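Text of entry.pdb, listed as PDB, C-alpha atoms:
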ATOM      1  CA  MET A   1     -95.397 -73.176  90.968
ATOM      2  CA  ALA A   2     -91.932 -73.386  92.477
ATOM      3  CA  GLY A   3     -88.832 -72.066  90.772
ATOM      4  CA  VAL A   4     -90.347 -69.219  88.734
ATOM      5  CA  VAL A   5     -87.230 -67.106  89.278
ATOM      6  CA  GLU A   6     -84.959 -69.910  88.106
ATOM      7  CA  LYS A   7     -87.200 -71.049  85.255
ATOM      8  CA  PHE A   8     -87.724 -67.665  83.611
ATOM      9  CA  GLY A   9     -84.614 -65.804  84.754
ATOM     10  CA  VAL A  10     -81.727 -64.929  82.431
ATOM     11  CA  THR A  11     -78.465 -63.816  84.044
ATOM     12  CA  SER A  12     -75.989 -64.180  81.179
ATOM     13  CA  SER A  13     -75.766 -64.576  77.419
ATOM     14  CA  GLU A  14     -74.640 -68.185  77.724
ATOM     15  CA  SER A  15     -76.867 -70.419  75.583
ATOM     16  CA  PHE A  16     -79.667 -67.836  75.581
ATOM     17  CA  LYS A  17     -82.155 -68.231  72.751
ATOM     18  CA  LEU A  18     -85.562 -66.604  72.875
ATOM     19  CA  GLU A  19     -87.047 -69.537  70.965
ATOM     20  CA  ASN A  20     -86.353 -71.730  74.001
ATOM     21  CA  TYR A  21     -88.938 -69.787  76.016
ATOM     22  CA  ARG A  22     -92.592 -70.521  75.379
ATOM     23  CA  THR A  23     -95.287 -67.865  75.352
ATOM     24  CA  ASN A  24     -97.772 -70.198  77.061
ATOM     25  CA  ASP A  25     -96.093 -72.058  79.899
ATOM     26  CA  PRO A  26     -98.093 -72.109  83.147
ATOM     27  CA  GLY A  27     -96.743 -75.505  84.116
ATOM     28  CA  SER A  28     -99.036 -77.129  86.668
ATOM     29  CA  MET A  29    -100.403 -73.804  87.910
ATOM     30  CA  LYS A  30    -104.176 -73.380  87.746
ATOM     31  CA  LYS A  31    -105.853 -70.013  87.248
ATOM     32  CA  ASP A  32    -107.774 -70.046  90.548
ATOM     33  CA  ASP A  33    -104.625 -70.938  92.475
ATOM     34  CA  ALA A  34    -102.648 -68.240  90.678
ATOM     35  CA  LEU A  35    -105.223 -65.566  91.525
ATOM     36  CA  GLU A  36    -105.215 -66.668  95.164
ATOM     37  CA  ASP A  37    -101.431 -66.572  95.284
ATOM     38  CA  LEU A  38    -101.385 -63.169  93.595
ATOM     39  CA  ALA A  39    -103.544 -61.761  96.385
ATOM     40  CA  ASP A  40    -101.042 -63.174  98.877
ATOM     41  CA  PHE A  41     -98.155 -61.616  96.922
ATOM     42  CA  GLN A  42     -99.898 -58.242  97.027
ATOM     43  CA  ALA A  43    -100.065 -58.394 100.832
ATOM     44  CA  LYS A  44     -96.397 -59.337 101.057
ATOM     45  CA  LEU A  45     -95.483 -56.660  98.535
ATOM     46  CA  LYS A  46     -97.228 -54.012 100.633
ATOM     47  CA  GLU A  47     -95.344 -55.142 103.742
ATOM     48  CA  HIS A  48     -91.959 -55.110 101.988
ATOM     49  CA  GLN A  49     -92.685 -51.750 100.402
ATOM     50  CA  GLU A  50     -93.404 -50.250 103.832
ATOM     51  CA  ARG A  51     -90.081 -51.600 105.097
ATOM     52  CA  LEU A  52     -88.263 -50.301 102.018
ATOM     53  CA  TYR A  53     -89.803 -46.844 102.429
ATOM     54  CA  ALA A  54     -89.023 -46.655 106.147
ATOM     55  CA  GLU A  55     -85.463 -47.902 105.662
ATOM     56  CA  ASP A  56     -84.853 -45.170 103.042
ATOM     57  CA  SER A  57     -81.628 -46.759 101.844
ATOM     58  CA  GLN A  58     -82.366 -49.025  98.885
ATOM     59  CA  SER A  59     -84.674 -48.746  95.894
ATOM     60  CA  LEU A  60     -86.085 -51.148  93.319
ATOM     61  CA  LEU A  61     -86.371 -50.410  89.594
ATOM     62  CA  ILE A  62     -88.739 -52.683  87.644
ATOM     63  CA  VAL A  63     -88.505 -52.520  83.853
ATOM     64  CA  PHE A  64     -91.321 -53.788  81.620
ATOM     65  CA  GLN A  65     -90.702 -54.408  77.920
ATOM     66  CA  ALA A  66     -92.956 -56.194  75.469
ATOM     67  CA  MET A  67     -94.605 -56.140  72.098
ATOM     68  CA  ASP A  68     -97.884 -54.218  71.858
ATOM     69  CA  ALA A  69    -100.855 -55.828  73.637
ATOM     70  CA  ALA A  70     -98.642 -58.146  75.701
ATOM     71  CA  GLY A  71    -100.241 -56.924  78.944
ATOM     72  CA  LYS A  72     -97.734 -54.537  80.537
ATOM     73  CA  ASP A  73    -100.367 -52.106  81.836
ATOM     74  CA  GLY A  74    -102.510 -54.900  83.249
ATOM     75  CA  ALA A  75     -99.568 -56.559  84.971
ATOM     76  CA  ILE A  76     -98.556 -53.280  86.599
ATOM     77  CA  GLU A  77    -102.127 -52.538  87.684
ATOM     78  CA  HIS A  78    -102.880 -55.961  89.154
ATOM     79  CA  VAL A  79     -99.553 -56.727  90.785
ATOM     80  CA  MET A  80     -99.065 -53.289  92.332
ATOM     81  CA  SER A  81    -102.664 -52.959  93.520
ATOM     82  CA  GLY A  82    -102.733 -51.954  97.174
ATOM     83  CA  VAL A  83     -99.205 -50.545  97.247
ATOM     84  CA  ASN A  84     -98.947 -47.129  98.890
ATOM     85  CA  PRO A  85     -98.671 -44.612  96.004
ATOM     86  CA  GLN A  86     -96.296 -42.569  98.156
ATOM     87  CA  GLY A  87     -93.687 -45.297  97.807
ATOM     88  CA  CYS A  88     -94.191 -46.232  94.159
ATOM     89  CA  GLN A  89     -93.504 -44.305  90.947
ATOM     90  CA  VAL A  90     -94.642 -45.351  87.461
ATOM     91  CA  PHE A  91     -93.277 -43.807  84.279
ATOM     92  CA  SER A  92     -94.514 -44.675  80.792
ATOM     93  CA  PHE A  93     -92.025 -43.645  78.126
ATOM     94  CA  LYS A  94     -93.299 -42.485  74.761
ATOM     95  CA  GLN A  95     -91.432 -41.018  71.803
ATOM     96  CA  PRO A  96     -88.558 -38.749  72.934
ATOM     97  CA  THR A  97     -89.179 -35.005  72.913
ATOM     98  CA  ASN A  98     -86.968 -32.385  71.302
ATOM     99  CA  ASN A  99     -85.517 -31.681  74.745
ATOM    100  CA  ASP A 100     -84.713 -35.364  75.216
ATOM    101  CA  TYR A 101     -82.767 -35.325  71.961
ATOM    102  CA  GLU A 102     -80.604 -32.526  73.351
ATOM    103  CA  HIS A 103     -79.102 -35.091  75.747
ATOM    104  CA  ASP A 104     -77.706 -38.619  75.627
ATOM    105  CA  PHE A 105     -80.162 -41.508  75.313
ATOM    106  CA  LEU A 106     -80.054 -42.395  79.016
ATOM    107  CA  TRP A 107     -80.776 -38.882  80.283
ATOM    108  CA  ARG A 108     -84.567 -38.959  80.486
ATOM    109  CA  HIS A 109     -84.495 -42.382  82.102
ATOM    110  CA  TYR A 110     -81.970 -41.343  84.711
ATOM    111  CA  LYS A 111     -84.304 -38.486  85.692
ATOM    112  CA  ALA A 112     -87.083 -41.009  86.304
ATOM    113  CA  LEU A 113     -85.161 -43.319  88.632
ATOM    114  CA  PRO A 114     -86.791 -44.170  91.971
ATOM    115  CA  GLU A 115     -85.615 -42.313  95.041
ATOM    116  CA  ARG A 116     -84.224 -44.242  97.975
ATOM    117  CA  GLY A 117     -86.959 -46.194  99.710
ATOM    118  CA  ARG A 118     -89.180 -46.366  96.643
ATOM    119  CA  ILE A 119     -90.193 -48.776  93.918
ATOM    120  CA  GLY A 120     -89.901 -47.399  90.407
ATOM    121  CA  ILE A 121     -91.651 -48.915  87.404
ATOM    122  CA  HIS A 122     -90.627 -48.088  83.847
ATOM    123  CA  ASN A 123     -93.253 -49.060  81.298
ATOM    124  CA  ARG A 124     -90.896 -49.235  78.334
ATOM    125  CA  SER A 125     -87.464 -47.927  79.144
ATOM    126  CA  HIS A 126     -83.919 -47.172  78.001
ATOM    127  CA  TYR A 127     -84.125 -50.486  76.127
ATOM    128  CA  GLU A 128     -86.238 -48.847  73.439
ATOM    129  CA  TYR A 129     -82.966 -47.448  72.094
ATOM    130  CA  VAL A 130     -81.747 -50.963  71.290
ATOM    131  CA  LEU A 131     -85.155 -52.341  70.301
ATOM    132  CA  VAL A 132     -87.381 -50.011  68.275
ATOM    133  CA  CYS A 133     -84.311 -47.977  67.297
ATOM    134  CA  LYS A 134     -82.606 -51.099  66.029
ATOM    135  CA  VAL A 135     -85.630 -52.141  63.999
ATOM    136  CA  HIS A 136     -85.909 -48.549  62.738
ATOM    137  CA  PRO A 137     -82.300 -47.252  62.794
ATOM    138  CA  GLU A 138     -83.360 -44.042  61.065
ATOM    139  CA  TYR A 139     -84.717 -42.924  64.463
ATOM    140  CA  ASN A 140     -81.136 -42.705  65.716
ATOM    141  CA  LEU A 141     -80.438 -39.805  63.367
ATOM    142  CA  SER A 142     -82.557 -37.558  65.620
ATOM    143  CA  GLU A 143     -79.907 -37.933  68.321
ATOM    144  CA  ARG A 144     -77.320 -36.140  66.164
ATOM    145  CA  ILE A 145     -74.458 -38.293  67.455
ATOM    146  CA  PRO A 146     -71.066 -37.164  66.093
ATOM    147  CA  GLY A 147     -69.864 -39.443  63.322
ATOM    148  CA  TYR A 148     -73.304 -40.851  62.501
ATOM    149  CA  ARG A 149     -75.032 -39.017  59.682
ATOM    150  CA  GLU A 150     -76.436 -41.930  57.651
ATOM    151  CA  VAL A 151     -78.426 -45.032  58.599
ATOM    152  CA  LYS A 152     -75.782 -47.330  57.138
ATOM    153  CA  GLN A 153     -73.292 -46.039  59.713
ATOM    154  CA  PHE A 154     -75.183 -47.699  62.565
ATOM    155  CA  ASP A 155     -73.074 -50.837  62.467
ATOM    156  CA  ASN A 156     -72.421 -53.629  64.988
ATOM    157  CA  GLY A 157     -69.910 -51.416  66.783
ATOM    158  CA  PHE A 158     -72.603 -48.798  67.401
ATOM    159  CA  TRP A 159     -74.943 -51.345  68.989
ATOM    160  CA  GLU A 160     -72.191 -52.907  71.078
ATOM    161  CA  ASN A 161     -71.436 -49.459  72.470
ATOM    162  CA  ARG A 162     -75.110 -49.032  73.323
ATOM    163  CA  TYR A 163     -75.207 -52.353  75.178
ATOM    164  CA  GLU A 164     -72.032 -51.412  77.039
ATOM    165  CA  SER A 165     -73.543 -48.064  78.065
ATOM    166  CA  ILE A 166     -76.623 -49.873  79.397
ATOM    167  CA  ARG A 167     -74.538 -52.421  81.309
ATOM    168  CA  GLN A 168     -72.447 -49.639  82.875
ATOM    169  CA  PHE A 169     -75.565 -47.600  83.696
ATOM    170  CA  GLU A 170     -77.217 -50.539  85.453
ATOM    171  CA  ALA A 171     -74.021 -51.572  87.252
ATOM    172  CA  HIS A 172     -73.655 -48.004  88.538
ATOM    173  CA  LEU A 173     -77.214 -48.040  89.872
ATOM    174  CA  GLN A 174     -76.669 -51.417  91.502
ATOM    175  CA  ARG A 175     -73.515 -50.194  93.269
ATOM    176  CA  ASN A 176     -75.458 -47.241  94.644
ATOM    177  CA  GLY A 177     -78.388 -49.140  96.098
ATOM    178  CA  THR A 178     -80.875 -49.556  93.241
ATOM    179  CA  LYS A 179     -81.783 -53.157  92.474
ATOM    180  CA  ILE A 180     -82.947 -53.698  88.884
ATOM    181  CA  ILE A 181     -85.159 -56.453  87.501
ATOM    182  CA  LYS A 182     -86.317 -56.517  83.889
ATOM    183  CA  PHE A 183     -89.400 -58.268  82.530
ATOM    184  CA  PHE A 184     -89.993 -59.202  78.911
ATOM    185  CA  LEU A 185     -93.650 -60.205  78.587
ATOM    186  CA  HIS A 186     -93.342 -62.825  75.874
ATOM    187  CA  VAL A 187     -96.580 -62.934  73.868
ATOM    188  CA  SER A 188     -97.138 -64.934  70.684
ATOM    189  CA  ARG A 189     -97.987 -63.360  67.348
ATOM    190  CA  ASP A 190    -101.312 -65.224  67.277
ATOM    191  CA  GLU A 191    -102.266 -63.989  70.743
ATOM    192  CA  GLN A 192    -101.364 -60.428  69.813
ATOM    193  CA  LYS A 193    -103.670 -60.736  66.788
ATOM    194  CA  LYS A 194    -106.546 -61.885  69.040
ATOM    195  CA  ARG A 195    -106.022 -58.958  71.387
ATOM    196  CA  PHE A 196    -105.886 -56.446  68.537
ATOM    197  CA  LEU A 197    -109.154 -57.833  67.157
ATOM    198  CA  ASP A 198    -110.691 -57.573  70.619
ATOM    199  CA  ARG A 199    -109.704 -53.910  70.781
ATOM    200  CA  ILE A 200    -111.305 -53.277  67.402
ATOM    201  CA  GLU A 201    -114.519 -55.178  68.161
ATOM    202  CA  ASP A 202    -115.094 -53.845  71.703
ATOM    203  CA  LYS A 203    -116.104 -50.181  71.568
ATOM    204  CA  TYR A 204    -114.825 -49.693  75.113
ATOM    205  CA  LYS A 205    -111.379 -50.826  74.001
ATOM    206  CA  ASN A 206    -111.224 -48.938  70.698
ATOM    207  CA  TRP A 207    -109.145 -46.239  72.327
ATOM    208  CA  LYS A 208    -106.369 -48.773  72.945
ATOM    209  CA  PHE A 209    -105.995 -49.540  69.252
ATOM    210  CA  SER A 210    -103.605 -47.659  66.986
ATOM    211  CA  SER A 211    -102.857 -48.106  63.311
ATOM    212  CA  ALA A 212     -99.179 -47.976  64.300
ATOM    213  CA  ASP A 213     -99.695 -51.298  66.105
ATOM    214  CA  ILE A 214    -100.441 -52.987  62.797
ATOM    215  CA  GLU A 215     -97.519 -51.301  61.090
ATOM    216  CA  GLU A 216     -95.103 -52.489  63.782
ATOM    217  CA  ARG A 217     -96.560 -55.998  63.696
ATOM    218  CA  ALA A 218     -95.096 -56.358  60.206
ATOM    219  CA  TYR A 219     -91.621 -56.184  61.810
ATOM    220  CA  TRP A 220     -92.296 -59.049  64.240
ATOM    221  CA  ASP A 221     -89.250 -61.137  63.317
ATOM    222  CA  ASP A 222     -86.985 -58.098  63.453
ATOM    223  CA  TYR A 223     -88.248 -57.273  66.941
ATOM    224  CA  MET A 224     -87.728 -60.824  68.160
ATOM    225  CA  ALA A 225     -84.133 -60.700  66.908
ATOM    226  CA  ALA A 226     -83.602 -57.329  68.592
ATOM    227  CA  TYR A 227     -85.028 -58.584  71.885
ATOM    228  CA  GLU A 228     -82.895 -61.700  71.804
ATOM    229  CA  GLU A 229     -79.712 -59.732  71.226
ATOM    230  CA  ALA A 230     -80.519 -57.023  73.782
ATOM    231  CA  ILE A 231     -81.438 -59.511  76.507
ATOM    232  CA  ALA A 232     -78.349 -61.629  75.886
ATOM    233  CA  ALA A 233     -76.114 -58.553  75.916
ATOM    234  CA  THR A 234     -77.476 -57.028  79.138
ATOM    235  CA  ALA A 235     -78.518 -59.928  81.383
ATOM    236  CA  THR A 236     -76.304 -60.151  84.474
ATOM    237  CA  PRO A 237     -76.653 -61.796  87.906
ATOM    238  CA  SER A 238     -77.159 -58.372  89.508
ATOM    239  CA  SER A 239     -79.508 -57.082  86.775
ATOM    240  CA  PRO A 240     -81.417 -60.108  85.462
ATOM    241  CA  TRP A 241     -84.043 -60.411  82.759
ATOM    242  CA  TYR A 242     -87.165 -62.541  83.203
ATOM    243  CA  ILE A 243     -88.865 -63.977  80.113
ATOM    244  CA  ILE A 244     -92.494 -64.181  81.210
ATOM    245  CA  PRO A 245     -94.995 -66.287  79.213
ATOM    246  CA  ALA A 246     -97.716 -63.738  78.461
ATOM    247  CA  ASP A 247    -100.340 -65.553  76.380
ATOM    248  CA  LYS A 248    -102.318 -66.121  79.596
ATOM    249  CA  LYS A 249    -102.602 -62.798  81.380
ATOM    250  CA  TRP A 250    -103.399 -64.392  84.731
ATOM    251  CA  PHE A 251    -100.194 -66.392  84.661
ATOM    252  CA  ALA A 252     -98.038 -63.452  83.584
ATOM    253  CA  ARG A 253     -99.368 -61.434  86.518
ATOM    254  CA  TYR A 254     -98.759 -64.321  88.903
ATOM    255  CA  ALA A 255     -95.170 -64.815  87.717
ATOM    256  CA  VAL A 256     -94.363 -61.102  87.820
ATOM    257  CA  GLY A 257     -95.807 -60.781  91.327
ATOM    258  CA  LYS A 258     -93.875 -63.757  92.643
ATOM    259  CA  ILE A 259     -90.577 -62.534  91.200
ATOM    260  CA  ILE A 260     -91.021 -59.007  92.577
ATOM    261  CA  VAL A 261     -91.794 -60.309  96.063
ATOM    262  CA  GLU A 262     -88.852 -62.726  95.995
ATOM    263  CA  THR A 263     -86.576 -59.895  94.861
ATOM    264  CA  LEU A 264     -87.727 -57.604  97.666
ATOM    265  CA  THR A 265     -87.392 -60.410 100.193
ATOM    266  CA  ALA A 266     -83.779 -60.940  99.132
ATOM    267  CA  MET A 267     -83.113 -57.189  99.535
ATOM    268  CA  GLU A 268     -84.032 -57.581 103.242
ATOM    269  CA  PRO A 269     -85.396 -54.079 103.903
ATOM    270  CA  GLU A 270     -85.889 -53.436 107.609
ATOM    271  CA  PHE A 271     -87.661 -50.863 109.729
ATOM    272  CA  PRO A 272     -85.090 -48.510 111.292
ATOM    273  CA  GLU A 273     -84.261 -49.203 114.941
ATOM    274  CA  LEU A 274     -84.148 -46.170 117.190
ATOM    275  CA  PRO A 275     -80.998 -45.531 119.227
ATOM    276  CA  ALA A 276     -81.248 -46.484 122.902
ATOM    277  CA  ASP A 277     -81.525 -42.878 124.102
ATOM    278  CA  GLN A 278     -84.437 -42.184 121.746
ATOM    279  CA  ARG A 279     -86.187 -45.410 122.725
ATOM    280  CA  ALA A 280     -85.912 -44.375 126.366
ATOM    281  CA  LYS A 281     -87.613 -41.072 125.565
ATOM    282  CA  LEU A 282     -90.606 -42.860 124.033
ATOM    283  CA  LYS A 283     -91.884 -43.818 127.492
ATOM    284  CA  VAL A 284     -91.650 -40.168 128.546
ATOM    285  CA  TYR A 285     -93.645 -39.077 125.505
ATOM    286  CA  LYS A 286     -96.154 -41.871 126.046
ATOM    287  CA  ASP A 287     -96.729 -40.873 129.644
ATOM    288  CA  LYS A 288     -97.032 -37.233 128.651
ATOM    289  CA  LEU A 289     -99.695 -38.009 126.057
ATOM    290  CA  ALA A 290    -101.553 -40.359 128.401
ATOM    291  CA  ASN A 291    -101.695 -37.693 131.110
ATOM    292  CA  GLU A 292    -102.931 -34.891 128.892
ATOM    293  CA  PRO A 293    -106.220 -33.449 130.118
ATOM    294  CA  HIS A 294    -109.263 -34.294 128.030
ATOM    295  CA  ASP A 295    -110.733 -31.549 125.859
TER
END

Now that the file is in, can you turn its structure into structure tokens?
Amino acid sequence: MAGVVEKFGVTSSESFKLENYRTNDPGSMKKDDALEDLADFQAKLKEHQERLYAEDSQSLLIVFQAMDAAGKDGAIEHVMSGVNPQGCQVFSFKQPTNNDYEHDFLWRHYKALPERGRIGIHNRSHYEYVLVCKVHPEYNLSERIPGYREVKQFDNGFWENRYESIRQFEAHLQRNGTKIIKFFLHVSRDEQKKRFLDRIEDKYKNWKFSSADIEERAYWDDYMAAYEEAIAATATPSSPWYIIPADKKWFARYAVGKIIVETLTAMEPEFPELPADQRAKLKVYKDKLANEPHD
């Protein structure tokens, strides 16, 4: 399927409406072909990751956001399979700790950024502060921000400031060598229901189910509105969002894999080239090793 980056990418707020993106949109792609291509992407991903690690100059931050049961964990597992763990870092963000609340909302995410030469994956991210915290603004009170002591004080100005902080944060990272791509795995409410039922009915998946999932499901429309606004406010050419149809897990994994590989390809990581004097010494070292006496 050609044009996945263009079809699902969002780089500005212009004309963006989440309703224009389907949750089941594989186009002409067939499952068997997608799985074959995914295996090819994994090989290319491994090659690019080795170059990125050796170059030790750039880094890639991949953000995954989605409703519960949309397939974030599976996408990360399948797409990144085979990547050298030494060059890849995965962080899953849960509810902030008391220590997190002693700092600004970006602090714990800044600490988890990938080092130069590495790929960082954030399973949920700094966007939770304009998603779940917008649906449940009472959570913001735990941050003890000066001037905000009641839920009703979290007005449009507050959220605009949050979006601006995120844009500045991501622009700063971009200027300093960290490329950012953000995936929203777009699952339908009906498909989420099927997956929740599967978790309840399969004893080996019971551990995945939480009563909180059902409670949050009741806020579906609020979450969709929050996602739409957050994506529109923070999508830029240098830090794009990708709205990935997630009702078919195999297609979501294919699309994510293709976009990651295309992003890395565009970053053009290269193996370092030794200076001429060091290259000349390699022959000396080679001869020395070749002439070592056998044990």

Can I get the residues of range 53-169 of chain A within 10 Å of range 198-215 of chain A, each with the closest pair of atoms and their distance in Å to one decimal, using all atoms listed in the file, sorted chain first then ascending number, as a Markdown table?
| residue | atom | partner | partner_atom | distance |
| --- | --- | --- | --- | --- |
| A:Met67 | CA | A:Asp213 | CA | 9.2 |
| A:Asp68 | CA | A:Asp213 | CA | 6.7 |
| A:Ala69 | CA | A:Asp213 | CA | 8.9 |

* **Long-range neighbours of Leu52 in chain A as a list in words, 7 Å cut-off, only C-alpha atoms, 2 positions minimum in chain** =>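 My list of contacting residues is His48, Gln49, Glu50, Ala54, Glu55, Asp56, Gln58, Gly117, Arg118, Pro269 and Glu270 of chain A.
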
List the residues selected by the PyMOL selection byres ((chain A and resi 20-24) around 10) in the file shown, writing them as a PDB file with C-alpha atoms, keeping the file's coordinate frame.
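Saved to selection-v4.pdb:
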ATOM      1  CA  LYS A   7     -87.200 -71.049  85.255  1.00  0.00           C
ATOM      2  CA  PHE A   8     -87.724 -67.665  83.611  1.00  0.00           C
ATOM      3  CA  SER A  15     -76.867 -70.419  75.583  1.00  0.00           C
ATOM      4  CA  PHE A  16     -79.667 -67.836  75.581  1.00  0.00           C
ATOM      5  CA  LYS A  17     -82.155 -68.231  72.751  1.00  0.00           C
ATOM      6  CA  LEU A  18     -85.562 -66.604  72.875  1.00  0.00           C
ATOM      7  CA  GLU A  19     -87.047 -69.537  70.965  1.00  0.00           C
ATOM      8  CA  ASP A  25     -96.093 -72.058  79.899  1.00  0.00           C
ATOM      9  CA  PRO A  26     -98.093 -72.109  83.147  1.00  0.00           C
ATOM     10  CA  GLY A  27     -96.743 -75.505  84.116  1.00  0.00           C
ATOM     11  CA  LEU A 185     -93.650 -60.205  78.587  1.00  0.00           C
ATOM     12  CA  HIS A 186     -93.342 -62.825  75.874  1.00  0.00           C
ATOM     13  CA  VAL A 187     -96.580 -62.934  73.868  1.00  0.00           C
ATOM     14  CA  SER A 188     -97.138 -64.934  70.684  1.00  0.00           C
ATOM     15  CA  ARG A 189     -97.987 -63.360  67.348  1.00  0.00           C
ATOM     16  CA  GLU A 191    -102.266 -63.989  70.743  1.00  0.00           C
ATOM     17  CA  ILE A 243     -88.865 -63.977  80.113  1.00  0.00           C
ATOM     18  CA  ILE A 244     -92.494 -64.181  81.210  1.00  0.00           C
ATOM     19  CA  PRO A 245     -94.995 -66.287  79.213  1.00  0.00           C
ATOM     20  CA  ALA A 246     -97.716 -63.738  78.461  1.00  0.00           C
ATOM     21  CA  ASP A 247    -100.340 -65.553  76.380  1.00  0.00           C
ATOM     22  CA  LYS A 248    -102.318 -66.121  79.596  1.00  0.00           C
ATOM     23  CA  LYS A 249    -102.602 -62.798  81.380  1.00  0.00           C
ATOM     24  CA  PHE A 251    -100.194 -66.392  84.661  1.00  0.00           C
ATOM     25  CA  ALA A 252     -98.038 -63.452  83.584  1.00  0.00           C
TER      26      ALA A 252
END

* Provide the CA of Leu173 in chain A to CA of Arg108 in chain A distance in Å, to one decimal place. =>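 We find that CA of Leu173 in chain A and CA of Arg108 in chain A lie 15.0 Å from each other.
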
* To do: Starting from the displayed file, determine the output of the PyMOL selection byres ((chain A and resi 257-262) around 10) and express the residue list as a ChimeraX atom specification.
  => /A:1-6,8-9,37-49,60,62,75-76,78-80,181,183,242,251-256,263-267

* **Residue neighbourhood Asp221 in chain A, 10 Å, all atoms listed in the file, exclusion window fewer than 4 positions, as a PyMOL selection string** => chain A and resi 135+189+217+225-227

* To do: May I ask for the distance between CA of Lys152 in chain A and CA of Glu170 in chain A, given in Å to one decimal place?
  =>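 Spanning CA of Lys152 in chain A to CA of Glu170 in chain A is a straight-line distance of 28.5 Å.
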
* What is the CA of Ala233 in chain A-CA of Gln65 in chain A distance in Å, reported with one decimal? ->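 CA of Gln65 in chain A lies 15.3 Å from CA of Ala233 in chain A.
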
* To do: With the file shown as input, list the residues that the PyMOL selection byres ((chain A and resi 163) around 10) selects, as an MDAnalysis selection string.
  => chainID A and resid 127 129:130 157:162 164:169 229:234

* Which of these residues is nearest to Leu61 in chain A, using only C-alpha atoms: A:Glu143, A:Glu268, A:Glu216, A:Glu115? -> A:Glu115

* **Residue with smallest distance to Asn156 in chain A - pool A:Asn176, A:Lys134, A:Arg144, A:Gln86, counting all atoms listed in the file** =>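 Using all atoms listed in the file, the shortest distance to Asn156 in chain A belongs to A:Lys134.
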